[in-house]
Amino acid sequence: MEQSAPAWAALRDLPDLRMPLLGLGAWAGGLAAHLLDGAVLGLVVAAVLLGLAALAAGVRRGRWSRGTLRTGAALVLVAGAVVVAVLVRQQQVTEGPVGRLASERAVVSAVGVVASDPRPVAGRFGDVVLVRVTVVEVEGRGRAHRLRAPVLVIGDERWLDLRLGARVRFTGRLSPPDQPDLAGVLSPSGTPVALDDPDLWWRGAAAVRASLRASVEHRPADQRVLVPAMVNGDDAGMDPGLADDFRATGLTHLLAVSGTNLTLVVGFLLVLARWSGVRGRWLLVVGAAGIVGFVLLARTEPSVLRAAVMGTVALVGMGANGLRRGMRALGAAVVALLLVQPSLAVTAGFALSVLATAGILVLAPGWRDAMARWLPRWLAEAVAVPAAAQLACTPVVAGISGEVSLVAVLANLVVTPVVGPATVLGLAGGLLGLVWAPAGAALGTLASWCVAWIILVARRGAALPTAAVDWEVEAVSLLLLTLLCVAFALAGPWVLRRPIAGLACCVLAVAVVVVRVPTPGWPGGDWVLAACDVGQGDGLVVRAGDHAGIVVDAGPEPEAIDRCLDDLGVREVPLVVLTHFHADHVDGLAGVLEGRSVGAVETAALLDPPGTVDEVVATAAASGIPVRTAAPGVRTVGEARVEVLRPDDPAPYEGPGDGTTANDASVVLLVEVAGVSALLTGDLEPPGQAALARQVAGLRVDVLKLPHHGSRHQDPDFLTSLGARVVLVSVGEDNDYGHPAPDALAPLEASGARVLRTDLGGDLLVLARDDELAVRTRD
């Protein structure tokens with residue numbers, strides 16, 4: 001019986017899954033080669049070959065078609081090719097000349113081509129400069145080699161002036177890398193010597209980047225950074241707090257080179273070309289030139305090449321018969337990328353790019369068509385595209401960050417209208433600025449106005465009560481989340497095609513984000529002291545009455561301490577004590593002042609570092625709150641008894657100006673609430689601890705706030721002599737300082753104290769229950 005025309009049409013509309021299957025096979029091969037040891041990998045290969053043999057036997061018996069056999073064979077061939085590519089690359093890295101020299105930690109002399117912009121970052125022992133170099137000549141252990149090997153250089157300010165694409169000579173000591181796409185890590189000695197300038201195209205791209213930065217130089221700092229970030233991924237100088245807000249609201253993809261960037265830039269070029277009369281194959285030439293130009297502008301790093309390929313897939317998917325062509329292009333892109341750069345198989349960025357593109361291709365059209373029944377088509381598409389991309393990426397994002405953003409879809413929706421203009425205007429400003437700087441600055445201003453809206457959305461979205469929820473990074477939890485995402489994907493068109501159901505989902509989503517879901521019984525009426533999870537910093541709250549608390553340090557950013565105080569129900573702050581002027585203790589002051597009645601701010605007598613001192617004074621003055629230094633003595637603040645043990649003299653004085661002596665000048669408080677005593681020590685160092693031990697000989701307390709986030713520099717005899725039953729450690733997760741040090745915790749744990757850490761337990765509460773001491777953690 002012949003099929004009806006509509007049925008044949010429906011079959012023609014179905015995507016050809018053979019190429020996506022090949023992409024999955026290539027990805028599986030890359031994962032297996034990276035994650036399995038040799039013996040297990042051999043067993044897997046044998047099992048696959050046996051399965052292929054069984055498939056061939058099934059074809060001979062008529063159970064399977066020859067097309068199925070060809071697809072299976074191609075799948076095995078592609079997976080095997082990627083496995084071989086991984087093994088060859090690993091062999092080159094570990095057994096190649098640079099790999100061998102790195103394993104021996106040899107001193108080498110080398111010539112290489114600068115492959116990334118030098119990037120200053122804060123290291124544990126001071127600022128360093130990171131730059132990738134493709135080594136083409138290396139001499140070490142008495143032998144010279146010519147090759148191509150990627151090396152990460154960890155240098156100093158002498159590496160800052162190198163230009164992308166320049167050929168340089170340098171010396172230094174190699175060491176083994178911790179990344180699969182690197183042959184070694186080099187610690188240089190001496191100054192790098194530039195041998196050749198970058199090629200013409202690199203100089204042209206650098207000129208455009210410089211012109212782009214100059215076009216927004218007159219704008220506020222956040223806008224000045226975000227415009228280049230959106231055009232070419234150059235986010236150097238981004239405020240860490242703003243970067244956290246972008247993560248919480250699912251807008252991080254705007255800060256990095258992604259397929260979206262390329263789609264916007266090349267799409268804009270194609271529109272201009274059509275407007276200029278270009279047609280047919282010449283449009284392909286314009287598109288190809290745009291892709292090459294974008295890659296040069298954003299630098300030929302692996303992430304940029306990945307973004308360029310995924311952006312090209314998105315452009316294909318936007319054309320006629322987009323789903324079929326887009327899925328074929330996506331599968332081919334995955335295979336090609338993994339053959340060229342097999343280490344992408346185990347990178348989160350690659351997974352997010354593939355999943356987001358697949359989500360847009362597969363889910364977005366159905367969701368758009370469903371909502372288009374009761375919404376304008378343009379609005380339905382504006383909602384469907386970010387929602388589909390976000391849903392597809394949610395399990396991977398949760399596995400990386402340990403949280404699920406609830407505001408991401410809404411945030412992406414409201415910034416969508418300005419993302420395109422910001423990117424295109426920013427690029428146009430950089431190009432026009434090469435010819436006439438004032439015109440470039442004018443376009444840069446327009447682009448910065450667009451990103452000002454994005455910044456506002458990120459900050460306000462991150463401040464919402466439930467912008468993101470924590471999610472356990474465990475196999476069972478992530479599997480559950482994946483199943484939930486699949487269920488949402490399948491149910492989406494059915495739910496969204498009905499106006500009432502669609503609107504109900506929207507209202508529910510907004511309510512979940514805007515209304516804070518309370519933790520049952522948190523904090524309770526018997527809490528006396530809280531250590532807020534403010535990241536790598538201190539933020540303590542001493543109960544001073546109903547809805548009142550004394551804040552001791554404010555953490556490194558306003559949002560964290562503001563959130564903690566909201567959760568505690570603190571609306572009145574009779575006293576803020578800033579133990580010293582390091583940023584991780586004072587930069588969150590604005591969050592304490594936000595919407596609360598604050599009595600006074602007291603600080604350390606040492607006014608150092610001066611820049612942070614000025615910021616504290618200005619923040620408090622803007623709210624009309626007096627600032628004074630803490631004076632020794634005892635007083636009652638609400639329900640709390642507060643004694644300032646240090647400093648001995650409240651007279652303010654200046655330091656060396658670099659903050660190096662600020663820790664040991666910390667304000668030290670002895671507080672008591674509801675019969676529970678606590679010693680709050682700021683970042684007091686061993687000399688200060690020894691002086692305090694002499695001052696308060698024989699002191700016993702119930703609770704100790706461990707000094708300096710658990711640094712290894714402690715006076716264990718003094719700290720254990722306090723007899724504290726509970727020790728609170730305020731510390732950031734996976735911080736770069738090694739806090740808390742096991743050597744600092746071991747003596748306290750051996751003494752019988754219960755040690756609680758904010759990086760493991762979140763917000764920490766100390767409670768007074770029936771004359772007994774209890775503790776509670778938020779996580």
# chains A, B, ... in the order shown; residues from 1 in each chain; ligands from 1

call {"tool": "residues_around", "arguments": {"residues": "segment 149-151 of chain A", "least_positions_apart": "2", "cutoff": "7 Å", "atoms": "only C-alpha atoms", "output": "list in words"}}
result
Arg132, Val133, Thr134, Val135, Val136, Leu147, Val153, Leu182, Ala183, Gly184, Val185 and Leu186 of chain A

call {"tool": "select_by_dssp", "arguments": {"residues": "segment 466-589 of chain A", "states": "helix (DSSP H, G or I)", "output": "VMD selection string"}}
result
chain A and resid 475 to 496 499 to 514 558 to 568 583 to 586 589

call {"tool": "residues_around", "arguments": {"residues": "Thr249 of chain A", "least_positions_apart": "3", "cutoff": "9 Å", "atoms": "only C-alpha atoms", "output": "count of residues only"}}
result
19

call {"tool": "residues_around", "arguments": {"residues": "segment 415-431 of chain A", "least_positions_apart": "2", "cutoff": "7 Å", "atoms": "only C-alpha atoms", "output": "list in words"}}
result
Val208, Arg209, Ser211, Leu212, Ser215, Val227, Met230, Val231, Leu264, Val265, Ala411, Asn412, Leu413, Gly433, Leu434, Gly440, Ala441, Leu443, Gly444, Leu446, Ala447, Cys450, Val451 and Ile454 of chain A

call {"tool": "residues_around", "arguments": {"residues": "Cys532 of chain A", "least_positions_apart": "3", "cutoff": "9 Å", "atoms": "only C-alpha atoms", "output": "short mmCIF file (atom, residue, chain, number, x, y, z; two decimals) with N, CA, C and O atoms, in the first residue's frame"}}
result
data_model
loop_
_atom_site.label_atom_id
_atom_site.label_comp_id
_atom_site.auth_asym_id
_atom_site.auth_seq_id
_atom_site.Cartn_x
_atom_site.Cartn_y
_atom_site.Cartn_z
N GLY A 535 32.33 32.99 50.94
CA GLY A 535 33.47 32.66 50.10
C GLY A 535 34.77 32.80 50.88
O GLY A 535 34.81 32.58 52.09
N ASP A 538 35.69 36.65 55.65
CA ASP A 538 35.00 36.52 56.92
C ASP A 538 33.71 37.32 56.90
O ASP A 538 33.68 38.46 56.39
N GLY A 539 32.65 36.75 57.47
CA GLY A 539 31.39 37.45 57.66
C GLY A 539 30.64 36.81 58.81
O GLY A 539 30.01 35.76 58.66
N LEU A 540 30.75 37.39 60.00
CA LEU A 540 30.15 36.83 61.22
C LEU A 540 29.02 37.72 61.70
O LEU A 540 29.06 38.94 61.51
N VAL A 541 28.01 37.10 62.34
CA VAL A 541 26.90 37.84 62.89
C VAL A 541 26.66 37.37 64.31
O VAL A 541 26.48 36.16 64.54
N GLY A 555 32.88 40.23 54.51
CA GLY A 555 33.18 39.38 53.36
C GLY A 555 33.65 40.16 52.15
O GLY A 555 33.73 41.39 52.17
N ALA A 560 26.72 38.29 49.15
CA ALA A 560 26.77 37.13 50.04
C ALA A 560 26.36 37.50 51.46
O ALA A 560 25.55 36.81 52.09
N ILE A 561 26.90 38.57 52.00
CA ILE A 561 26.56 38.95 53.37
C ILE A 561 25.13 39.46 53.45
O ILE A 561 24.42 39.23 54.43
N CYS A 564 22.93 36.41 53.59
CA CYS A 564 23.00 35.75 54.89
C CYS A 564 22.19 36.51 55.94
O CYS A 564 21.47 35.91 56.74
N LEU A 565 22.31 37.83 55.95
CA LEU A 565 21.55 38.63 56.92
C LEU A 565 20.05 38.52 56.66
O LEU A 565 19.25 38.48 57.61
N SER A 730 35.99 30.21 58.55
CA SER A 730 35.37 30.92 57.43
C SER A 730 36.34 30.89 56.26
O SER A 730 37.38 31.53 56.28
N THR A 758 32.86 26.78 56.49
CA THR A 758 31.84 27.31 55.59
C THR A 758 31.96 26.74 54.19
O THR A 758 30.97 26.67 53.46
N GLY A 762 28.42 25.50 54.35
CA GLY A 762 27.65 26.71 54.06
C GLY A 762 27.56 27.58 55.28
O GLY A 762 28.50 27.66 56.09
N ASP A 763 26.45 28.29 55.46
CA ASP A 763 26.25 29.10 56.66
C ASP A 763 26.28 28.21 57.89
O ASP A 763 25.70 27.12 57.91
N LEU A 764 26.95 28.69 58.94
CA LEU A 764 27.09 27.92 60.18
C LEU A 764 26.40 28.66 61.31
O LEU A 764 26.55 29.88 61.44
N LEU A 765 25.67 27.94 62.14
CA LEU A 765 24.98 28.53 63.29
C LEU A 765 25.46 27.88 64.58
O LEU A 765 25.63 26.66 64.65
#

call {"tool": "select_by_dssp", "arguments": {"residues": "segment 478-707 of chain A", "states": "strand (DSSP E or B)", "output": "ChimeraX atom specification"}}
result
/A:527-531,540-545,548-552,572-573,576-578,597-598,601-603,606-607,627-629,633-637,640-646,653-654,668-673,676-680,703-705

call {"tool": "closest_residue", "arguments": {"among": "A:Ala288, A:Gly140, A:Arg776, A:Ser448", "to": "Ala229 of chain A", "atoms": "only C-alpha atoms"}}
result
A:Ser448

call {"tool": "residues_around", "arguments": {"residues": "segment 605-610 of chain A", "least_positions_apart": "3", "cutoff": "10 Å", "atoms": "only C-alpha atoms", "output": "ChimeraX atom specification"}}
result
/A:579-583,602,613-616,628-631,646-667
